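**Student:** Structure: my_file11.cif, mmCIF, C-alpha atoms (C1' of nucleotides).
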```
data_structure
loop_
_atom_site.label_atom_id
_atom_site.label_comp_id
_atom_site.auth_asym_id
_atom_site.auth_seq_id
_atom_site.Cartn_x
_atom_site.Cartn_y
_atom_site.Cartn_z
CA MET A 1 26.87 -61.85 22.76
CA PRO A 2 30.12 -63.65 22.17
CA VAL A 3 30.29 -67.38 22.68
CA GLU A 4 33.47 -67.80 24.73
CA ILE A 5 33.14 -69.99 27.76
CA ASN A 6 29.63 -71.29 28.18
CA GLN A 7 30.54 -74.16 30.43
CA LYS A 8 29.14 -73.54 33.88
CA PHE A 9 32.13 -75.28 35.41
CA PHE A 10 34.62 -72.86 33.95
CA ASN A 11 32.43 -69.90 34.74
CA ASP A 12 32.14 -70.91 38.38
CA ILE A 13 35.87 -71.54 38.61
CA TYR A 14 36.69 -68.15 37.12
CA ALA A 15 34.24 -66.47 39.50
CA VAL A 16 36.14 -67.82 42.49
CA VAL A 17 39.60 -67.08 41.07
CA ALA A 18 38.53 -63.50 40.41
CA ARG A 19 37.87 -63.09 44.14
CA ILE A 20 41.40 -63.99 45.25
CA PRO A 21 42.82 -60.78 46.77
CA ALA A 22 46.31 -59.53 46.04
CA GLY A 23 48.82 -60.80 48.57
CA LYS A 24 47.00 -64.13 48.87
CA VAL A 25 47.16 -67.41 46.97
CA ALA A 26 44.88 -70.43 46.66
CA SER A 27 45.53 -73.99 45.52
CA TYR A 28 43.79 -75.54 42.53
CA GLY A 29 41.97 -77.99 44.77
CA GLN A 30 40.83 -75.20 47.05
CA ILE A 31 39.42 -73.22 44.14
CA GLY A 32 37.57 -76.28 42.92
CA SER A 33 35.98 -76.86 46.30
CA MET A 34 35.00 -73.23 46.75
CA ALA A 35 33.41 -73.24 43.29
CA GLY A 36 31.40 -76.30 44.20
CA TYR A 37 33.51 -78.98 42.53
CA PRO A 38 35.65 -80.68 45.18
CA GLY A 39 38.21 -83.09 43.84
CA SER A 40 38.46 -81.28 40.53
CA ALA A 41 41.86 -79.70 40.96
CA ARG A 42 42.98 -80.83 37.53
CA GLU A 43 39.97 -79.22 35.90
CA VAL A 44 40.86 -75.95 37.60
CA GLY A 45 44.31 -76.15 36.07
CA TYR A 46 42.71 -76.89 32.72
CA ALA A 47 40.43 -73.90 33.18
CA MET A 48 43.40 -71.63 33.91
CA ALA A 49 45.21 -72.88 30.84
CA HIS A 50 42.21 -71.81 28.80
CA ALA A 51 41.35 -68.70 30.76
CA PRO A 52 40.36 -65.90 28.35
CA ALA A 53 42.48 -62.77 28.91
CA LYS A 54 39.28 -60.73 28.85
CA ARG A 55 38.42 -61.96 32.32
CA LYS A 56 41.65 -60.53 33.68
CA LEU A 57 41.91 -63.35 36.17
CA PRO A 58 44.73 -63.36 38.76
CA CYS A 59 45.67 -66.88 37.73
CA HIS A 60 49.22 -66.30 38.99
CA ARG A 61 47.72 -66.45 42.50
CA VAL A 62 46.57 -70.00 41.88
CA VAL A 63 49.30 -72.48 42.74
CA ASN A 64 49.45 -76.16 43.62
CA SER A 65 49.14 -77.31 47.21
CA GLN A 66 52.88 -77.82 47.50
CA GLY A 67 53.50 -74.14 46.99
CA THR A 68 55.50 -74.68 43.81
CA LEU A 69 54.93 -72.49 40.75
CA ALA A 70 53.53 -73.32 37.33
CA PRO A 71 55.66 -74.96 34.62
CA GLU A 72 58.22 -72.84 32.74
CA PRO A 73 56.12 -72.03 29.64
CA VAL A 74 53.46 -70.43 31.85
CA PHE A 75 53.66 -66.76 32.89
CA GLY A 76 56.85 -66.46 30.89
CA GLY A 77 58.79 -68.51 33.41
CA GLN A 78 58.62 -69.24 37.12
CA ALA A 79 60.93 -66.32 37.89
CA ARG A 80 58.35 -64.08 36.23
CA GLN A 81 55.42 -65.49 38.21
CA ARG A 82 57.44 -65.25 41.39
CA ALA A 83 58.18 -61.59 40.69
CA MET A 84 54.48 -60.84 40.25
CA LEU A 85 53.60 -62.56 43.50
CA GLU A 86 56.39 -60.86 45.45
CA GLU A 87 55.11 -57.51 44.23
CA GLU A 88 51.82 -58.36 45.91
CA GLY A 89 53.55 -59.23 49.14
CA ILE A 90 53.86 -63.01 48.83
CA THR A 91 56.95 -64.43 50.51
CA PHE A 92 58.91 -67.53 49.57
CA TYR A 93 61.01 -70.15 51.28
CA MET A 94 64.70 -70.47 50.52
CA ASP A 95 63.96 -73.41 48.20
CA GLY A 96 61.65 -71.29 46.06
CA ARG A 97 58.33 -72.57 47.36
CA ILE A 98 55.58 -70.16 48.42
CA HIS A 99 55.06 -69.68 52.14
CA MET A 100 51.62 -71.32 51.89
CA GLU A 101 50.75 -71.46 55.59
CA ARG A 102 51.06 -67.71 55.63
CA HIS A 103 49.45 -66.70 52.35
CA THR A 104 46.75 -69.26 51.60
CA TRP A 105 43.48 -67.45 51.02
CA SER A 106 40.46 -68.05 53.23
CA GLU A 107 37.01 -66.77 52.33
CA TYR A 108 36.53 -65.72 55.91
CA GLU A 109 39.37 -63.26 55.61
CA GLN A 110 37.10 -61.36 53.23
CA LEU A 111 34.71 -60.59 56.07
CA SER A 112 35.70 -57.42 57.90
CA PHE A 113 35.14 -57.85 61.59
CA PHE A 114 37.05 -54.77 62.60
"C1'" DC B 115 30.88 -94.46 23.74
"C1'" DG B 116 35.81 -95.58 24.89
"C1'" DC B 117 40.50 -93.91 25.50
"C1'" DC B 118 43.99 -90.50 26.42
"C1'" DT B 119 45.46 -86.00 28.39
"C1'" DG B 120 46.17 -82.61 32.08
"C1'" DA B 121 48.96 -75.18 35.04
"C1'" DC B 122 46.52 -81.30 40.61
"C1'" DA B 123 46.35 -83.90 45.30
"C1'" DG B 124 47.34 -87.23 48.51
"C1'" DA B 125 49.10 -91.62 49.73
"C1'" DC B 126 52.89 -94.66 49.50
"C1'" DT B 127 57.76 -96.51 49.12
"C1'" DT C 128 62.95 -85.57 51.41
"C1'" DA C 129 62.42 -87.23 46.89
"C1'" DG C 130 60.51 -90.06 43.45
"C1'" DT C 131 56.45 -92.93 41.98
"C1'" DC C 132 51.60 -94.45 41.72
"C1'" DT C 133 46.71 -93.87 41.81
"C1'" DG C 134 42.41 -91.27 42.01
"C1'" DC C 135 40.00 -87.20 40.23
"C1'" DC C 136 36.73 -85.53 36.43
"C1'" DA C 137 35.87 -82.58 32.25
"C1'" DG C 138 37.59 -81.89 27.45
"C1'" DG C 139 39.17 -83.45 22.95
"C1'" DC C 140 39.36 -87.10 19.39
#
```
Using C-alpha coordinates, write down the structure that the file contains.
**Tutor:**
Amino acid sequence: MPVEINQKFFNDIYAVVARIPAGKVASYGQIGSMAGYPGSAREVGYAMAHAPAKRKLPCHRVVNSQGTLAPEPVFGGQARQRAMLEEEGITFYMDGRIHMERHTWSEYEQLSFF
DNA sequence: CGCCTGACAGACT
DNA sequence: TAGTCTGCCAGGC
(Lines of atoms letter the chains of each structure in order from A and count residues from 1; the text may use other names and numbers.)
(Lines give C-alpha, C1' and ligand atoms only; values in the text may rest on other atoms or scores of the structure.)
Protein backbone atom coordinates (compact mmCIF):
# COMPACT_ATOMS: atom_id res chain seq x y z
CA MET A 1 0.00 0.00 0.00
CA PRO A 2 1.48 3.27 -1.12
CA VAL A 3 2.37 5.88 1.44
CA GLU A 4 0.90 9.06 -0.05
CA ILE A 5 -1.14 11.13 2.32
CA ASN A 6 -1.35 9.57 5.74
CA GLN A 7 -2.32 12.70 7.55
CA LYS A 8 -5.87 12.39 8.81
CA PHE A 9 -6.40 16.09 8.26
CA PHE A 10 -5.71 15.91 4.56
CA ASN A 11 -7.71 12.74 4.20
CA ASP A 12 -10.75 14.30 5.85
CA ILE A 13 -10.41 17.43 3.75
CA TYR A 14 -10.19 15.44 0.53
CA ALA A 15 -13.22 13.37 1.56
CA VAL A 16 -15.34 16.51 1.79
CA VAL A 17 -14.00 18.08 -1.40
CA ALA A 18 -14.77 14.87 -3.28
CA ARG A 19 -18.44 15.30 -2.33
CA ILE A 20 -18.85 18.74 -3.92
CA PRO A 21 -21.30 18.22 -6.81
CA ALA A 22 -20.78 19.72 -10.24
CA GLY A 23 -22.45 23.09 -10.58
CA LYS A 24 -21.68 23.96 -6.95
CA VAL A 25 -18.70 25.54 -5.19
CA ALA A 26 -17.51 25.69 -1.58
CA SER A 27 -15.10 28.03 0.18
CA TYR A 28 -11.92 26.82 1.84
CA GLY A 29 -13.25 27.74 5.25
CA GLN A 30 -16.49 25.89 4.59
CA ILE A 31 -14.63 22.74 3.60
CA GLY A 32 -12.54 22.94 6.74
CA SER A 33 -15.60 23.22 8.94
CA MET A 34 -17.42 20.39 7.20
CA ALA A 35 -14.35 18.19 7.60
CA GLY A 36 -14.25 18.94 11.29
CA TYR A 37 -11.55 21.61 11.33
CA PRO A 38 -13.20 25.02 11.58
CA GLY A 39 -10.86 27.95 11.19
CA SER A 40 -8.43 25.96 9.09
CA ALA A 41 -9.11 27.54 5.73
CA ARG A 42 -5.42 27.99 5.02
CA GLU A 43 -4.76 24.32 5.65
CA VAL A 44 -7.44 23.44 3.13
CA GLY A 45 -5.66 25.56 0.56
CA TYR A 46 -2.42 23.84 1.48
CA ALA A 47 -4.12 20.48 1.09
CA MET A 48 -5.38 21.42 -2.38
CA ALA A 49 -1.92 22.55 -3.40
CA HIS A 50 -0.67 19.09 -2.48
CA ALA A 51 -3.69 17.15 -3.63
CA PRO A 52 -2.56 13.93 -5.39
CA ALA A 53 -4.03 13.67 -8.90
CA LYS A 54 -4.99 10.08 -8.10
CA ARG A 55 -7.84 11.31 -5.94
CA LYS A 56 -9.35 13.16 -8.88
CA LEU A 57 -10.61 15.88 -6.60
CA PRO A 58 -12.77 18.71 -8.01
CA CYS A 59 -10.46 21.26 -6.44
CA HIS A 60 -11.53 23.84 -9.04
CA ARG A 61 -14.86 23.95 -7.17
CA VAL A 62 -13.09 25.15 -4.04
CA VAL A 63 -12.75 28.92 -4.04
CA ASN A 64 -12.21 31.60 -1.42
CA SER A 65 -15.16 33.22 0.33
CA GLN A 66 -14.92 36.30 -1.85
CA GLY A 67 -15.73 34.29 -4.93
CA THR A 68 -12.42 35.07 -6.60
CA LEU A 69 -10.42 32.35 -8.35
CA ALA A 70 -7.07 30.79 -7.52
CA PRO A 71 -3.77 32.50 -8.42
CA GLU A 72 -2.58 32.43 -12.05
CA PRO A 73 -0.19 29.45 -11.79
CA VAL A 74 -3.04 27.24 -10.60
CA PHE A 75 -5.32 25.41 -13.06
CA GLY A 76 -3.30 26.89 -15.89
CA GLY A 77 -4.73 30.34 -15.29
CA GLN A 78 -7.92 31.82 -13.90
CA ALA A 79 -9.50 31.90 -17.36
CA ARG A 80 -9.00 28.13 -17.47
CA GLN A 81 -10.57 27.53 -14.06
CA ARG A 82 -13.44 29.81 -14.96
CA ALA A 83 -14.05 27.85 -18.14
CA MET A 84 -14.23 24.58 -16.19
CA LEU A 85 -16.70 26.04 -13.72
CA GLU A 86 -18.88 27.59 -16.42
CA GLU A 87 -19.08 24.19 -18.10
CA GLU A 88 -20.62 22.89 -14.89
CA GLY A 89 -23.15 25.68 -14.82
CA ILE A 90 -21.46 28.16 -12.49
CA THR A 91 -22.24 31.79 -13.30
CA PHE A 92 -20.06 34.83 -12.71
CA TYR A 93 -20.52 38.51 -11.99
CA MET A 94 -19.38 41.11 -14.48
CA ASP A 95 -16.23 41.69 -12.42
CA GLY A 96 -15.21 38.06 -12.74
CA ARG A 97 -16.23 36.88 -9.28
CA ILE A 98 -18.33 33.74 -8.82
CA HIS A 99 -22.00 34.22 -8.02
CA MET A 100 -21.47 32.70 -4.56
CA GLU A 101 -24.92 33.32 -3.10
CA ARG A 102 -26.30 31.21 -5.89
CA HIS A 103 -23.76 28.41 -6.15
CA THR A 104 -22.36 27.84 -2.66
CA TRP A 105 -22.76 24.19 -1.78
CA SER A 106 -24.85 23.09 1.19
CA GLU A 107 -24.77 19.53 2.51
CA TYR A 108 -28.52 19.65 2.86
CA GLU A 109 -28.89 20.05 -0.88
CA GLN A 110 -27.57 16.49 -1.10
CA LEU A 111 -30.69 15.19 0.60
CA SER A 112 -33.45 14.48 -1.89
CA PHE A 113 -36.77 15.50 -0.45
CA PHE A 114 -38.66 15.26 -3.68
C1' DC B 1 11.29 23.56 19.97
C1' DG B 2 11.05 28.14 17.56
C1' DC B 3 10.28 30.64 13.29
C1' DC B 4 8.48 31.30 8.71
C1' DT B 5 5.15 30.15 4.99
C1' DG B 6 0.55 29.69 2.91
C1' DA B 7 -4.66 27.96 -3.54
C1' DC B 8 -7.80 31.78 3.54
C1' DA B 9 -11.23 34.74 6.42
C1' DG B 10 -12.91 38.53 8.70
C1' DA B 11 -12.29 42.91 10.77
C1' DC B 12 -10.65 47.45 10.20
C1' DT B 13 -9.21 51.97 8.03
C1' DT C 1 -14.87 49.57 -2.66
C1' DA C 2 -10.12 48.82 -2.08
C1' DG C 3 -6.06 48.15 0.49
C1' DT C 4 -4.00 46.58 4.98
C1' DC C 5 -3.62 43.98 9.33
C1' DT C 6 -4.34 40.14 12.33
C1' DG C 7 -5.83 35.50 13.56
C1' DC C 8 -5.87 30.68 12.05
C1' DC C 9 -3.23 26.11 12.37
C1' DA C 10 -0.50 22.35 10.07
C1' DG C 11 3.85 21.66 7.40
C1' DG C 12 8.72 22.37 6.45
C1' DC C 13 13.38 23.68 8.10
**Student:** With 5 Å added on each side, what axis-aligned box encloses every listed atom of range 133-140 of chain C? Give the centre and edge lengths in Å to one decimal, as AutoDock Vina command-line options.
**Tutor:**
```
--center_x 41.3 --center_y -87.9 --center_z 30.7 --size_x 20.8 --size_y 22.0 --size_z 32.6
```
**Student:** Using only C-alpha atoms (C1' of nucleotides) - which residues lie no farther than 10 Å from the point (63.9, -82.6, 50.9) in the file's frame? Write them as a list in words.
**Tutor:**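 The residues near that point, listed by chain and number, are Asp95 of chain A; DT128 and DA129 of chain C.
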**Student:** Report as a Markdown table the residues of chain A within 10 Å of chain B, each with its shortest atom pair and distance in Å (one decimal), using only C-alpha atoms (C1' of nucleotides), ordered by chain and increasing residue number.
**Tutor:**
```
| residue | atom | partner | partner_atom | distance |
| --- | --- | --- | --- | --- |
| A:Ser27 | CA | B:DC122 | C1' | 8.9 |
| A:Tyr28 | CA | B:DC122 | C1' | 6.7 |
| A:Gly29 | CA | B:DC122 | C1' | 7.0 |
| A:Gly39 | CA | B:DA123 | C1' | 8.3 |
| A:Ser40 | CA | B:DC122 | C1' | 8.1 |
| A:Ala41 | CA | B:DC122 | C1' | 4.9 |
| A:Arg42 | CA | B:DC122 | C1' | 4.7 |
| A:Glu43 | CA | B:DG120 | C1' | 8.0 |
| A:Val44 | CA | B:DC122 | C1' | 8.3 |
| A:Gly45 | CA | B:DA121 | C1' | 4.9 |
| A:Tyr46 | CA | B:DG120 | C1' | 6.7 |
| A:Ala47 | CA | B:DA121 | C1' | 8.8 |
| A:Met48 | CA | B:DA121 | C1' | 6.7 |
| A:Ala49 | CA | B:DA121 | C1' | 6.1 |
| A:His50 | CA | B:DA121 | C1' | 9.8 |
| A:Cys59 | CA | B:DA121 | C1' | 9.3 |
| A:His60 | CA | B:DA121 | C1' | 9.7 |
| A:Val62 | CA | B:DA121 | C1' | 8.9 |
| A:Val63 | CA | B:DA121 | C1' | 8.2 |
| A:Asn64 | CA | B:DC122 | C1' | 6.6 |
| A:Ser65 | CA | B:DA123 | C1' | 7.4 |
| A:Gln66 | CA | B:DA123 | C1' | 9.2 |
| A:Leu69 | CA | B:DA121 | C1' | 8.7 |
| A:Ala70 | CA | B:DA121 | C1' | 5.4 |
| A:Pro71 | CA | B:DA121 | C1' | 6.7 |
| A:Glu72 | CA | B:DA121 | C1' | 9.8 |
| A:Pro73 | CA | B:DA121 | C1' | 9.5 |
| A:Val74 | CA | B:DA121 | C1' | 7.3 |
| A:Phe75 | CA | B:DA121 | C1' | 9.9 |
```
**Student:** Pick out the chain C residues within 9 Å of chain A. Count all atoms listed in the file. Give them as an MDAnalysis selection string.
**Tutor:** chainID C and resid 135:138
**Student:** Determine the residue membership of the PyMOL selection byres ((chain A and resi 85-94) around 9) for the file above and supply it as a list in words.
**Tutor:**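 Checked against the file, the PyMOL selection byres ((chain A and resi 85-94) around 9) matches Ala22, Gly23, Lys24, Val25, His60, Arg61, Gly67, Arg80, Gln81, Arg82, Ala83, Met84, Asp95, Gly96, Arg97, Ile98, His99, Met100, Arg102 and His103 of chain A.
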**Student:** CA of Val16 in chain A and CA of Pro52 in chain A are how many Å apart?
**Tutor:**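 A separation of 14.9 Å between them.
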**Student:** Would you work out the distance separating CA of Glu107 in chain A from CA of Ile13 in chain A, expressed in Å to one decimal?
**Tutor:** 14.6 Å
**Student:** So what do you get for C1' of DC140 in chain C versus CA of Asn11 in chain A, distance-wise?
**Tutor:**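 So the two atoms, C1' of DC140 in chain C and CA of Asn11 in chain A, lie 24.1 Å apart.
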